Amino acid sequence: MFFYPDFAILVYMLDIKFIRENKDLVQEAARKKRLDFNVGDLLTADDKRLSILKEVETFRALQNEANQKVAGALNSEDRNVVIEEMKLVKEQLQKKEDELKEVFIEWQKLMVQVPNIPDMSVPEGDSDAENSEFKTHGDKTIFDFEPVSHIDIMSNLDMIDLERGTKVAGFRGYFLKNDGFRLSFALWQHAVETAQKFGFSPIMAPSLLRKEPFIGTGYLPQGEEDLYKTQDSEYLSGTAEVPIMGYMMDEVIPENSLPLQYLGFSPCFRREAGSHGKDVKGLIRVHEFYKIEQVVLCEARHDESVKWHETLLEVAESYMESLGIPYRVVVNCTGDLGLGQVKKYDIEAWVPKEEKYRETHSISYFHDFQTRRLNIKYKDTEGKLRFAHSLNGTLSATPRLLVSLVENYQQADGSIKVPEVLQKYLGKDTITKNQS
RNA sequence: GGAGAGGUGGCUGAGCGGUUGAAGGCACUGGUUUCGAAAACCAGCAUACGGGCAACCGUAUCGAGGGUUCAAAUCCCUCCCUCUCCGCCA
């Protein structure tokens, strides 16, 4: 348990013992993740911390011993002798404690930068350009006409209003109307039903959150730039992963209740601070959207994490398959992993107009990186308290998913065929003009 | 927005300067009892770091930070959080 001064809360990190025993592994992780981090600096700081701590503890032991004497002293003379002695000790102790504090702050600064170790199976690379495709599903849609963009299709069918979106909400603003609205709800409904078959319980989660769950999940302090902040110092979350993980924060999960499978639904807010020139048109990249997110807490075993990681992918794939959207799955390379991520899969959906696969899902696991910081524990079979493992992954992010959906299902006359699984929600098999 | 109350171990809840890592209860573990179980009774039971082969020893932790003191869960200051009442509001 450590004090992180900038945020004034307690933060857990990768275990220092583990780092000491596996310094090469950690250094290698930093290199693979393309992070500028030197384990040697941390270990030097840790040696210093431990040696000063030892001195401080010796003084404190002396002081505690004297306390017993004072308390048990029969006459005030004996008492005064000890008290006078302790006054001298106090001065020395004070000095050492100041030293310790200084070293400790330096140590903490380095500790929060320690990356989690990527899995062996993660390919090495600098950026998302080197993510490795390992699976495709569905053939890229073939049209006997020139396909148009989702913007044209949806504007034409009065499903979207981007001009007024910008007028009212500013850059990247949008309105979803009529069947645009209905299609979104249909996607959500279908997502909930899909996940239910896999045992997930749905939760509507808040997005306006205190900083603690952001620090715990790893979005702060590193990602401050990407978050909206209110005048009351709360932040708007960019994914339900944050509130759902916060849900169990500082708790001990009752015995025999793992794994916990949540399906979080929430509005999501992202500043997109580093991507001003990217995807400036349409629904691919917006500041405000909705997402249904899978979150799992499981026993602290690598094989459990791996098993659940594959399951989250399976759930997302079965969702995409049922929608009939062509997609591929990539393993994200080391340089594209977050500080805490061990491994990540992205699902990318085919976008005909762009003739590109675009990311719609992101599914990752963290081992105990997040639960350590969030202080989420459970009792294992030996009765020992352990940090759980955590995972999360997209199930349905709208409106981004609409882009691929409407473009793949567009028809020559400008109408959109409704995927079979969604027809019951829309009450029709085709979206046409003037039916909105 | 106004006025109060409070933050102590896995949970509940006492303590309000020194013998308190912290009473009591619950939960949990072991034992006695029982054909078995429940109940009852007895015992054990916090976490982290450091040292030791080990029994064990040292240090820290009573929301956070700072201060007073030889000594702080206990006194003072600042901050954070929670609850209750009033007002406003979906």
# chains A, B, ... in the order shown; residues from 1 in each chain; ligands from 1
>>> interface_residues(of="chain A", to="chain B", cutoff="7 Å", atoms="only C-alpha atoms (C1' of nucleotides)", output="list in words")
Ala8, Glu57, Asn67, Ala71, Ile83, Glu84, Met86 and Lys87 of chain A
>>> select_by_dssp(residues="segment 43-280 of chain A", states="alpha helix (DSSP H)", output="PyMOL selection string")
chain A and resi 43-72+76-111+150-156+162-169+178-197+211-217+241-247
>>> write_last_selection(atoms="C-alpha atoms", output="compact mmCIF listing (two decimals), in the first residue's frame")
# COMPACT_ATOMS: atom_id res chain seq x y z
CA LEU A 43 16.32 -1.03 -7.89
CA THR A 44 18.88 1.57 -6.87
CA ALA A 45 16.11 3.67 -5.40
CA ASP A 46 14.75 0.58 -3.68
CA ASP A 47 18.14 -0.31 -2.14
CA LYS A 48 18.36 3.20 -0.80
CA ARG A 49 14.83 3.04 0.51
CA LEU A 50 15.45 -0.23 2.31
CA SER A 51 18.71 0.83 3.91
CA ILE A 52 17.27 4.07 5.27
CA LEU A 53 14.14 2.27 6.34
CA LYS A 54 16.27 -0.08 8.38
CA GLU A 55 17.92 2.82 10.19
CA VAL A 56 14.58 4.43 10.86
CA GLU A 57 13.23 1.18 12.23
CA THR A 58 16.15 0.83 14.61
CA PHE A 59 15.44 4.27 16.04
CA ARG A 60 11.78 3.53 16.33
CA ALA A 61 12.50 0.28 18.15
CA LEU A 62 14.59 2.25 20.63
CA GLN A 63 11.77 4.71 21.08
CA ASN A 64 9.15 2.03 21.57
CA GLU A 65 11.30 0.34 24.16
CA ALA A 66 11.65 3.64 26.03
CA ASN A 67 7.90 4.06 25.94
CA GLN A 68 7.48 0.87 27.89
CA LYS A 69 9.99 2.09 30.44
CA VAL A 70 8.26 5.43 30.87
CA ALA A 71 4.90 3.82 31.24
CA GLY A 72 6.20 1.33 33.76
CA SER A 76 9.23 10.43 38.29
CA GLU A 77 13.02 10.52 38.52
CA ASP A 78 13.50 7.37 36.43
CA ARG A 79 10.88 8.66 34.12
CA ASN A 80 12.64 11.94 33.54
CA VAL A 81 15.95 10.27 32.80
CA VAL A 82 14.41 8.20 30.01
CA ILE A 83 12.46 11.13 28.64
CA GLU A 84 15.60 13.24 28.42
CA GLU A 85 17.36 10.44 26.55
CA MET A 86 14.52 10.13 24.13
CA LYS A 87 14.56 13.79 23.31
CA LEU A 88 17.99 13.24 21.74
CA VAL A 89 16.84 10.16 19.83
CA LYS A 90 13.91 12.06 18.50
CA GLU A 91 16.14 14.56 16.72
CA GLN A 92 18.11 11.88 14.92
CA LEU A 93 14.98 9.98 14.03
CA GLN A 94 13.39 13.08 12.58
CA LYS A 95 16.34 13.60 10.27
CA LYS A 96 16.28 10.02 9.03
CA GLU A 97 12.55 10.14 8.48
CA ASP A 98 12.85 13.20 6.31
CA GLU A 99 15.48 11.41 4.28
CA LEU A 100 13.24 8.38 3.94
CA LYS A 101 10.33 10.44 2.74
CA GLU A 102 12.41 11.97 0.00
CA VAL A 103 13.69 8.62 -1.23
CA PHE A 104 10.24 7.12 -1.00
CA ILE A 105 8.66 9.73 -3.25
CA GLU A 106 11.35 9.11 -5.86
CA TRP A 107 10.77 5.38 -5.52
CA GLN A 108 7.03 5.76 -6.03
CA LYS A 109 7.48 7.84 -9.15
CA LEU A 110 9.40 4.95 -10.66
CA MET A 111 7.04 2.30 -9.34
CA HIS A 150 -22.17 5.30 -44.01
CA ILE A 151 -22.50 9.07 -43.92
CA ASP A 152 -24.27 9.14 -47.27
CA ILE A 153 -26.40 6.10 -46.58
CA MET A 154 -27.55 7.24 -43.18
CA SER A 155 -28.06 10.89 -44.10
CA ASN A 156 -30.08 9.85 -47.08
CA LEU A 162 -24.08 15.50 -38.64
CA GLU A 163 -24.51 19.17 -39.59
CA ARG A 164 -26.85 19.85 -36.70
CA GLY A 165 -24.72 17.56 -34.58
CA THR A 166 -21.83 19.92 -35.11
CA LYS A 167 -24.02 22.99 -34.67
CA VAL A 168 -25.22 21.77 -31.30
CA ALA A 169 -22.41 19.64 -29.93
CA ASN A 178 -35.30 7.30 -36.49
CA ASP A 179 -33.90 3.98 -37.71
CA GLY A 180 -30.44 5.14 -36.71
CA PHE A 181 -31.77 5.35 -33.21
CA ARG A 182 -33.67 2.07 -33.50
CA LEU A 183 -30.73 0.24 -34.97
CA SER A 184 -28.57 1.32 -32.03
CA PHE A 185 -31.09 0.00 -29.54
CA ALA A 186 -31.38 -3.21 -31.52
CA LEU A 187 -27.61 -3.71 -31.39
CA TRP A 188 -27.61 -3.20 -27.64
CA GLN A 189 -30.50 -5.56 -27.09
CA HIS A 190 -28.89 -8.20 -29.20
CA ALA A 191 -25.60 -7.74 -27.35
CA VAL A 192 -27.26 -8.24 -23.99
CA GLU A 193 -28.98 -11.39 -25.22
CA THR A 194 -25.78 -12.77 -26.67
CA ALA A 195 -23.83 -12.19 -23.47
CA GLN A 196 -26.56 -13.58 -21.30
CA LYS A 197 -26.04 -16.96 -22.94
CA LYS A 211 -10.48 9.66 -9.92
CA GLU A 212 -9.84 6.52 -7.85
CA PRO A 213 -11.27 4.00 -10.30
CA PHE A 214 -9.34 5.67 -13.12
CA ILE A 215 -6.10 5.35 -11.24
CA GLY A 216 -6.99 1.80 -10.34
CA THR A 217 -7.69 0.74 -13.90
CA GLU A 241 -14.53 -0.96 -17.60
CA VAL A 242 -13.73 1.89 -15.21
CA PRO A 243 -16.97 2.01 -13.18
CA ILE A 244 -17.41 -1.78 -13.23
CA MET A 245 -13.91 -2.39 -11.92
CA GLY A 246 -14.54 0.37 -9.40
CA TYR A 247 -17.64 -1.51 -8.35
>>> residues_around(residues="Glu133 of chain A", least_positions_apart="3", cutoff="7 Å", atoms="only C-alpha atoms (C1' of nucleotides)", output="PDB file with N, CA, C and O atoms, in the first residue's frame")
ATOM      1  N   ARG A 328     -11.929  -9.323 -38.939  1.00  0.00           N
ATOM      2  CA  ARG A 328     -10.720 -10.100 -38.672  1.00  0.00           C
ATOM      3  C   ARG A 328     -10.318  -9.873 -37.222  1.00  0.00           C
ATOM      4  O   ARG A 328     -10.759  -8.908 -36.578  1.00  0.00           O
ATOM      5  N   VAL A 329      -9.512 -10.784 -36.735  1.00  0.00           N
ATOM      6  CA  VAL A 329      -9.022 -10.644 -35.364  1.00  0.00           C
ATOM      7  C   VAL A 329      -7.517 -10.483 -35.418  1.00  0.00           C
ATOM      8  O   VAL A 329      -6.839 -11.218 -36.140  1.00  0.00           O
ATOM      9  N   VAL A 330      -7.006  -9.517 -34.678  1.00  0.00           N
ATOM     10  CA  VAL A 330      -5.553  -9.349 -34.609  1.00  0.00           C
ATOM     11  C   VAL A 330      -5.082  -9.502 -33.166  1.00  0.00           C
ATOM     12  O   VAL A 330      -5.823  -9.238 -32.229  1.00  0.00           O
ATOM     13  N   VAL A 331      -3.857  -9.975 -33.012  1.00  0.00           N
ATOM     14  CA  VAL A 331      -3.186  -9.908 -31.709  1.00  0.00           C
ATOM     15  C   VAL A 331      -2.404  -8.618 -31.727  1.00  0.00           C
ATOM     16  O   VAL A 331      -1.601  -8.393 -32.631  1.00  0.00           O
TER      17      VAL A 331
END
>>> closest_residue(among="A:Ile416, A:Ile142, A:Asn408, A:Cys298", to="Leu258 of chain A", atoms="only C-alpha atoms")
A:Cys298
>>> residues_around(residues="Asp226 of chain A", least_positions_apart="6", cutoff="8 Å", atoms="only C-alpha atoms (C1' of nucleotides)", output="ChimeraX atom specification")
/A:270-274
>>> select_by_dssp(residues="segment 197-382 of chain A", states="strand (DSSP E or B)", output="VMD selection string")
chain A and resid 201 to 204 208 to 209 228 to 229 235 to 236 252 to 253 260 to 269 288 to 298 327 to 331 343 to 351 356 to 365 377 to 379
>>> closest_residue(among="B:G17, B:G4, B:C35, B:A54", to="U68 of chain B", atoms="only C-alpha atoms (C1' of nucleotides)")
B:G17
>>> atom_distance(atom1="atom C1' of G7 of chain B", atom2="atom CA of Ile376 of chain A")
20.3 Å
>>> residues_around(residues="G15 of chain B", least_positions_apart="6", cutoff="9 Å", atoms="only C-alpha atoms (C1' of nucleotides)", output="compact mmCIF listing (two decimals) with all heavy atoms, in the first residue's frame")
# COMPACT_ATOMS: atom_id res chain seq x y z
P A B 22 -2.67 -6.83 20.40
OP1 A B 22 -1.63 -6.49 21.37
OP2 A B 22 -3.36 -8.13 20.48
O5' A B 22 -3.76 -5.66 20.41
C5' A B 22 -5.08 -5.92 20.01
C4' A B 22 -5.94 -4.74 20.39
O4' A B 22 -5.41 -3.56 19.75
C3' A B 22 -7.38 -4.85 19.89
O3' A B 22 -8.18 -5.50 20.84
C2' A B 22 -7.78 -3.40 19.71
O2' A B 22 -8.17 -2.80 20.92
C1' A B 22 -6.46 -2.78 19.25
N9 A B 22 -6.35 -2.74 17.79
C8 A B 22 -5.35 -3.28 17.01
N7 A B 22 -5.51 -3.08 15.73
C5 A B 22 -6.70 -2.38 15.64
C6 A B 22 -7.43 -1.88 14.55
N6 A B 22 -7.04 -1.99 13.29
N1 A B 22 -8.58 -1.24 14.82
C2 A B 22 -8.98 -1.13 16.10
N3 A B 22 -8.38 -1.56 17.20
C4 A B 22 -7.24 -2.17 16.89
P A B 23 -8.88 -6.87 20.53
OP1 A B 23 -7.87 -7.92 20.67
OP2 A B 23 -9.64 -6.72 19.28
O5' A B 23 -9.91 -7.00 21.74
C5' A B 23 -9.41 -7.05 23.08
C4' A B 23 -10.51 -6.74 24.06
O4' A B 23 -10.94 -5.36 23.91
C3' A B 23 -11.80 -7.53 23.91
O3' A B 23 -11.71 -8.84 24.45
C2' A B 23 -12.77 -6.65 24.68
O2' A B 23 -12.59 -6.78 26.06
C1' A B 23 -12.31 -5.27 24.23
N9 A B 23 -13.05 -4.83 23.04
C8 A B 23 -12.58 -4.67 21.75
N7 A B 23 -13.50 -4.29 20.90
C5 A B 23 -14.66 -4.20 21.66
C6 A B 23 -15.98 -3.84 21.34
N6 A B 23 -16.37 -3.49 20.12
N1 A B 23 -16.88 -3.84 22.35
C2 A B 23 -16.48 -4.19 23.57
N3 A B 23 -15.27 -4.55 24.01
C4 A B 23 -14.40 -4.53 22.98
P A B 73 -1.38 5.72 17.44
OP1 A B 73 -1.09 4.89 18.60
OP2 A B 73 -0.51 5.60 16.24
O5' A B 73 -2.87 5.48 16.97
C5' A B 73 -3.36 6.06 15.77
C4' A B 73 -4.84 6.27 15.85
O4' A B 73 -5.44 5.07 16.36
C3' A B 73 -5.27 7.39 16.79
O3' A B 73 -5.35 8.60 16.10
C2' A B 73 -6.64 6.92 17.25
O2' A B 73 -7.65 7.26 16.31
C1' A B 73 -6.48 5.40 17.26
N9 A B 73 -6.13 4.87 18.58
C8 A B 73 -4.96 4.24 18.94
N7 A B 73 -4.94 3.85 20.19
C5 A B 73 -6.17 4.24 20.68
C6 A B 73 -6.77 4.13 21.95
N6 A B 73 -6.18 3.56 22.99
N1 A B 73 -8.01 4.63 22.10
C2 A B 73 -8.60 5.21 21.05
N3 A B 73 -8.15 5.38 19.81
C4 A B 73 -6.92 4.87 19.69
P U B 74 -5.14 9.98 16.84
OP1 U B 74 -5.58 11.03 15.91
OP2 U B 74 -3.79 9.99 17.41
O5' U B 74 -6.10 9.88 18.10
C5' U B 74 -7.43 10.37 18.13
C4' U B 74 -7.92 10.15 19.53
O4' U B 74 -7.34 8.90 20.00
C3' U B 74 -7.49 11.23 20.52
O3' U B 74 -8.63 11.76 21.19
C2' U B 74 -6.53 10.53 21.48
O2' U B 74 -6.76 10.92 22.81
C1' U B 74 -6.88 9.05 21.32
N1 U B 74 -5.74 8.15 21.53
C2 U B 74 -5.69 7.45 22.74
O2 U B 74 -6.54 7.58 23.60
N3 U B 74 -4.61 6.64 22.88
C4 U B 74 -3.60 6.41 21.96
O4 U B 74 -2.70 5.64 22.24
C5 U B 74 -3.72 7.17 20.75
C6 U B 74 -4.77 7.99 20.58
>>> residues_around(residues="Asp429 of chain A", least_positions_apart="5", cutoff="8 Å", atoms="only C-alpha atoms (C1' of nucleotides)", output="ChimeraX atom specification")
/A:417-420,423
>>> residues_around(residues="Arg372 of chain A", least_positions_apart="4", cutoff="12 Å", atoms="only C-alpha atoms (C1' of nucleotides)", output="ChimeraX atom specification")
/A:1-2,10-15,112,116,213,215-218,245,248-251,300,340,366-368,376-378,385-390
>>> decode(residues="segment 113-146 of chain A", atoms="N, CA, C and O atoms", output="PDB file, in the first residue's frame")
ATOM      1  N   GLN A 113       5.531   3.543 -12.984  1.00  0.00           N
ATOM      2  CA  GLN A 113       5.869   3.417 -14.403  1.00  0.00           C
ATOM      3  C   GLN A 113       6.196   1.983 -14.810  1.00  0.00           C
ATOM      4  O   GLN A 113       6.447   1.700 -15.971  1.00  0.00           O
ATOM      5  N   VAL A 114       6.232   1.105 -13.827  1.00  0.00           N
ATOM      6  CA  VAL A 114       6.604  -0.282 -14.121  1.00  0.00           C
ATOM      7  C   VAL A 114       5.516  -0.943 -14.974  1.00  0.00           C
ATOM      8  O   VAL A 114       4.359  -0.972 -14.592  1.00  0.00           O
ATOM      9  N   PRO A 115       5.898  -1.464 -16.138  1.00  0.00           N
ATOM     10  CA  PRO A 115       4.903  -2.084 -17.011  1.00  0.00           C
ATOM     11  C   PRO A 115       4.618  -3.516 -16.601  1.00  0.00           C
ATOM     12  O   PRO A 115       5.475  -4.176 -16.018  1.00  0.00           O
ATOM     13  N   ASN A 116       3.427  -3.968 -16.900  1.00  0.00           N
ATOM     14  CA  ASN A 116       3.128  -5.383 -16.749  1.00  0.00           C
ATOM     15  C   ASN A 116       3.822  -6.145 -17.883  1.00  0.00           C
ATOM     16  O   ASN A 116       4.110  -5.583 -18.931  1.00  0.00           O
ATOM     17  N   ILE A 117       4.071  -7.417 -17.654  1.00  0.00           N
ATOM     18  CA  ILE A 117       4.841  -8.218 -18.610  1.00  0.00           C
ATOM     19  C   ILE A 117       3.927  -8.759 -19.709  1.00  0.00           C
ATOM     20  O   ILE A 117       2.969  -9.463 -19.412  1.00  0.00           O
ATOM     21  N   PRO A 118       4.235  -8.469 -20.979  1.00  0.00           N
ATOM     22  CA  PRO A 118       3.403  -9.038 -22.045  1.00  0.00           C
ATOM     23  C   PRO A 118       3.568 -10.556 -22.113  1.00  0.00           C
ATOM     24  O   PRO A 118       4.629 -11.080 -21.791  1.00  0.00           O
ATOM     25  N   ASP A 119       2.530 -11.230 -22.533  1.00  0.00           N
ATOM     26  CA  ASP A 119       2.582 -12.674 -22.663  1.00  0.00           C
ATOM     27  C   ASP A 119       3.567 -13.082 -23.761  1.00  0.00           C
ATOM     28  O   ASP A 119       3.807 -12.335 -24.701  1.00  0.00           O
ATOM     29  N   MET A 120       4.103 -14.298 -23.622  1.00  0.00           N
ATOM     30  CA  MET A 120       5.056 -14.834 -24.599  1.00  0.00           C
ATOM     31  C   MET A 120       4.485 -14.823 -26.017  1.00  0.00           C
ATOM     32  O   MET A 120       5.209 -14.671 -26.993  1.00  0.00           O
ATOM     33  N   SER A 121       3.174 -15.027 -26.098  1.00  0.00           N
ATOM     34  CA  SER A 121       2.549 -15.182 -27.415  1.00  0.00           C
ATOM     35  C   SER A 121       2.302 -13.850 -28.125  1.00  0.00           C
ATOM     36  O   SER A 121       1.805 -13.834 -29.243  1.00  0.00           O
ATOM     37  N   VAL A 122       2.632 -12.749 -27.441  1.00  0.00           N
ATOM     38  CA  VAL A 122       2.393 -11.433 -28.058  1.00  0.00           C
ATOM     39  C   VAL A 122       3.545 -11.084 -28.988  1.00  0.00           C
ATOM     40  O   VAL A 122       4.705 -11.109 -28.580  1.00  0.00           O
ATOM     41  N   PRO A 123       3.248 -10.767 -30.252  1.00  0.00           N
ATOM     42  CA  PRO A 123       4.321 -10.436 -31.184  1.00  0.00           C
ATOM     43  C   PRO A 123       4.931  -9.085 -30.844  1.00  0.00           C
ATOM     44  O   PRO A 123       4.258  -8.192 -30.350  1.00  0.00           O
ATOM     45  N   GLU A 124       6.225  -8.971 -31.122  1.00  0.00           N
ATOM     46  CA  GLU A 124       6.881  -7.704 -30.822  1.00  0.00           C
ATOM     47  C   GLU A 124       6.680  -6.733 -31.977  1.00  0.00           C
ATOM     48  O   GLU A 124       6.664  -7.126 -33.139  1.00  0.00           O
ATOM     49  N   GLY A 125       6.504  -5.455 -31.641  1.00  0.00           N
ATOM     50  CA  GLY A 125       6.312  -4.461 -32.687  1.00  0.00           C
ATOM     51  C   GLY A 125       6.202  -3.071 -32.098  1.00  0.00           C
ATOM     52  O   GLY A 125       6.036  -2.915 -30.888  1.00  0.00           O
ATOM     53  N   ASP A 126       6.298  -2.058 -32.953  1.00  0.00           N
ATOM     54  CA  ASP A 126       6.305  -0.672 -32.496  1.00  0.00           C
ATOM     55  C   ASP A 126       4.912  -0.090 -32.303  1.00  0.00           C
ATOM     56  O   ASP A 126       4.666   0.676 -31.376  1.00  0.00           O
ATOM     57  N   SER A 127       4.025  -0.414 -33.238  1.00  0.00           N
ATOM     58  CA  SER A 127       2.721   0.247 -33.202  1.00  0.00           C
ATOM     59  C   SER A 127       1.659  -0.672 -33.783  1.00  0.00           C
ATOM     60  O   SER A 127       1.955  -1.795 -34.207  1.00  0.00           O
ATOM     61  N   ASP A 128       0.435  -0.197 -33.835  1.00  0.00           N
ATOM     62  CA  ASP A 128      -0.665  -1.028 -34.321  1.00  0.00           C
ATOM     63  C   ASP A 128      -0.446  -1.525 -35.754  1.00  0.00           C
ATOM     64  O   ASP A 128      -1.070  -2.483 -36.186  1.00  0.00           O
ATOM     65  N   ALA A 129       0.465  -0.860 -36.476  1.00  0.00           N
ATOM     66  CA  ALA A 129       0.771  -1.325 -37.830  1.00  0.00           C
ATOM     67  C   ALA A 129       1.335  -2.740 -37.811  1.00  0.00           C
ATOM     68  O   ALA A 129       1.249  -3.466 -38.801  1.00  0.00           O
ATOM     69  N   GLU A 130       1.901  -3.131 -36.673  1.00  0.00           N
ATOM     70  CA  GLU A 130       2.511  -4.456 -36.595  1.00  0.00           C
ATOM     71  C   GLU A 130       1.663  -5.482 -35.845  1.00  0.00           C
ATOM     72  O   GLU A 130       2.144  -6.562 -35.488  1.00  0.00           O
ATOM     73  N   ASN A 131       0.423  -5.131 -35.597  1.00  0.00           N
ATOM     74  CA  ASN A 131      -0.483  -6.118 -35.025  1.00  0.00           C
ATOM     75  C   ASN A 131      -0.636  -7.260 -36.012  1.00  0.00           C
ATOM     76  O   ASN A 131      -0.624  -7.044 -37.217  1.00  0.00           O
ATOM     77  N   SER A 132      -0.785  -8.460 -35.464  1.00  0.00           N
ATOM     78  CA  SER A 132      -0.742  -9.578 -36.392  1.00  0.00           C
ATOM     79  C   SER A 132      -2.110 -10.245 -36.542  1.00  0.00           C
ATOM     80  O   SER A 132      -2.707 -10.704 -35.574  1.00  0.00           O
ATOM     81  N   GLU A 133      -2.580 -10.255 -37.769  1.00  0.00           N
ATOM     82  CA  GLU A 133      -3.872 -10.857 -38.068  1.00  0.00           C
ATOM     83  C   GLU A 133      -3.764 -12.363 -37.915  1.00  0.00           C
ATOM     84  O   GLU A 133      -2.851 -12.977 -38.438  1.00  0.00           O
ATOM     85  N   PHE A 134      -4.672 -12.982 -37.189  1.00  0.00           N
ATOM     86  CA  PHE A 134      -4.584 -14.435 -37.098  1.00  0.00           C
ATOM     87  C   PHE A 134      -5.891 -15.121 -37.459  1.00  0.00           C
ATOM     88  O   PHE A 134      -6.000 -16.335 -37.422  1.00  0.00           O
ATOM     89  N   LYS A 135      -6.873 -14.310 -37.828  1.00  0.00           N
ATOM     90  CA  LYS A 135      -8.139 -14.933 -38.161  1.00  0.00           C
ATOM     91  C   LYS A 135      -9.000 -13.941 -38.928  1.00  0.00           C
ATOM     92  O   LYS A 135      -9.032 -12.756 -38.594  1.00  0.00           O
ATOM     93  N   THR A 136      -9.671 -14.411 -39.961  1.00  0.00           N
ATOM     94  CA  THR A 136     -10.676 -13.564 -40.606  1.00  0.00           C
ATOM     95  C   THR A 136     -11.962 -14.363 -40.643  1.00  0.00           C
ATOM     96  O   THR A 136     -11.954 -15.589 -40.657  1.00  0.00           O
ATOM     97  N   HIS A 137     -13.045 -13.644 -40.627  1.00  0.00           N
ATOM     98  CA  HIS A 137     -14.326 -14.321 -40.701  1.00  0.00           C
ATOM     99  C   HIS A 137     -15.232 -13.596 -41.681  1.00  0.00           C
ATOM    100  O   HIS A 137     -15.383 -12.370 -41.611  1.00  0.00           O
ATOM    101  N   GLY A 138     -15.833 -14.321 -42.577  1.00  0.00           N
ATOM    102  CA  GLY A 138     -16.720 -13.719 -43.567  1.00  0.00           C
ATOM    103  C   GLY A 138     -15.915 -13.108 -44.695  1.00  0.00           C
ATOM    104  O   GLY A 138     -14.841 -12.545 -44.490  1.00  0.00           O
ATOM    105  N   ASP A 139     -16.438 -13.244 -45.895  1.00  0.00           N
ATOM    106  CA  ASP A 139     -15.767 -12.639 -47.037  1.00  0.00           C
ATOM    107  C   ASP A 139     -16.086 -11.161 -47.089  1.00  0.00           C
ATOM    108  O   ASP A 139     -17.173 -10.733 -46.698  1.00  0.00           O
ATOM    109  N   LYS A 140     -15.119 -10.396 -47.578  1.00  0.00           N
ATOM    110  CA  LYS A 140     -15.362  -8.970 -47.753  1.00  0.00           C
ATOM    111  C   LYS A 140     -16.555  -8.822 -48.701  1.00  0.00           C
ATOM    112  O   LYS A 140     -16.615  -9.488 -49.741  1.00  0.00           O
ATOM    113  N   THR A 141     -17.461  -7.961 -48.328  1.00  0.00           N
ATOM    114  CA  THR A 141     -18.706  -7.842 -49.079  1.00  0.00           C
ATOM    115  C   THR A 141     -18.455  -7.416 -50.527  1.00  0.00           C
ATOM    116  O   THR A 141     -17.669  -6.499 -50.788  1.00  0.00           O
ATOM    117  N   ILE A 142     -19.121  -8.123 -51.440  1.00  0.00           N
ATOM    118  CA  ILE A 142     -18.988  -7.787 -52.864  1.00  0.00           C
ATOM    119  C   ILE A 142     -20.271  -7.099 -53.317  1.00  0.00           C
ATOM    120  O   ILE A 142     -21.374  -7.567 -53.035  1.00  0.00           O
ATOM    121  N   PHE A 143     -20.094  -5.960 -53.979  1.00  0.00           N
ATOM    122  CA  PHE A 143     -21.255  -5.196 -54.447  1.00  0.00           C
ATOM    123  C   PHE A 143     -21.306  -5.200 -55.965  1.00  0.00           C
ATOM    124  O   PHE A 143     -20.258  -5.184 -56.617  1.00  0.00           O
ATOM    125  N   ASP A 144     -22.525  -5.197 -56.513  1.00  0.00           N
ATOM    126  CA  ASP A 144     -22.618  -5.039 -57.963  1.00  0.00           C
ATOM    127  C   ASP A 144     -22.922  -3.580 -58.317  1.00  0.00           C
ATOM    128  O   ASP A 144     -23.474  -3.268 -59.356  1.00  0.00           O
ATOM    129  N   PHE A 145     -22.576  -2.706 -57.354  1.00  0.00           N
ATOM    130  CA  PHE A 145     -22.684  -1.263 -57.576  1.00  0.00           C
ATOM    131  C   PHE A 145     -21.571  -0.620 -56.767  1.00  0.00           C
ATOM    132  O   PHE A 145     -20.862  -1.315 -56.005  1.00  0.00           O
ATOM    133  N   GLU A 146     -21.404   0.667 -56.900  1.00  0.00           N
ATOM    134  CA  GLU A 146     -20.349   1.349 -56.148  1.00  0.00           C
ATOM    135  C   GLU A 146     -20.851   1.662 -54.731  1.00  0.00           C
ATOM    136  O   GLU A 146     -21.749   2.499 -54.559  1.00  0.00           O
TER     137      GLU A 146
END
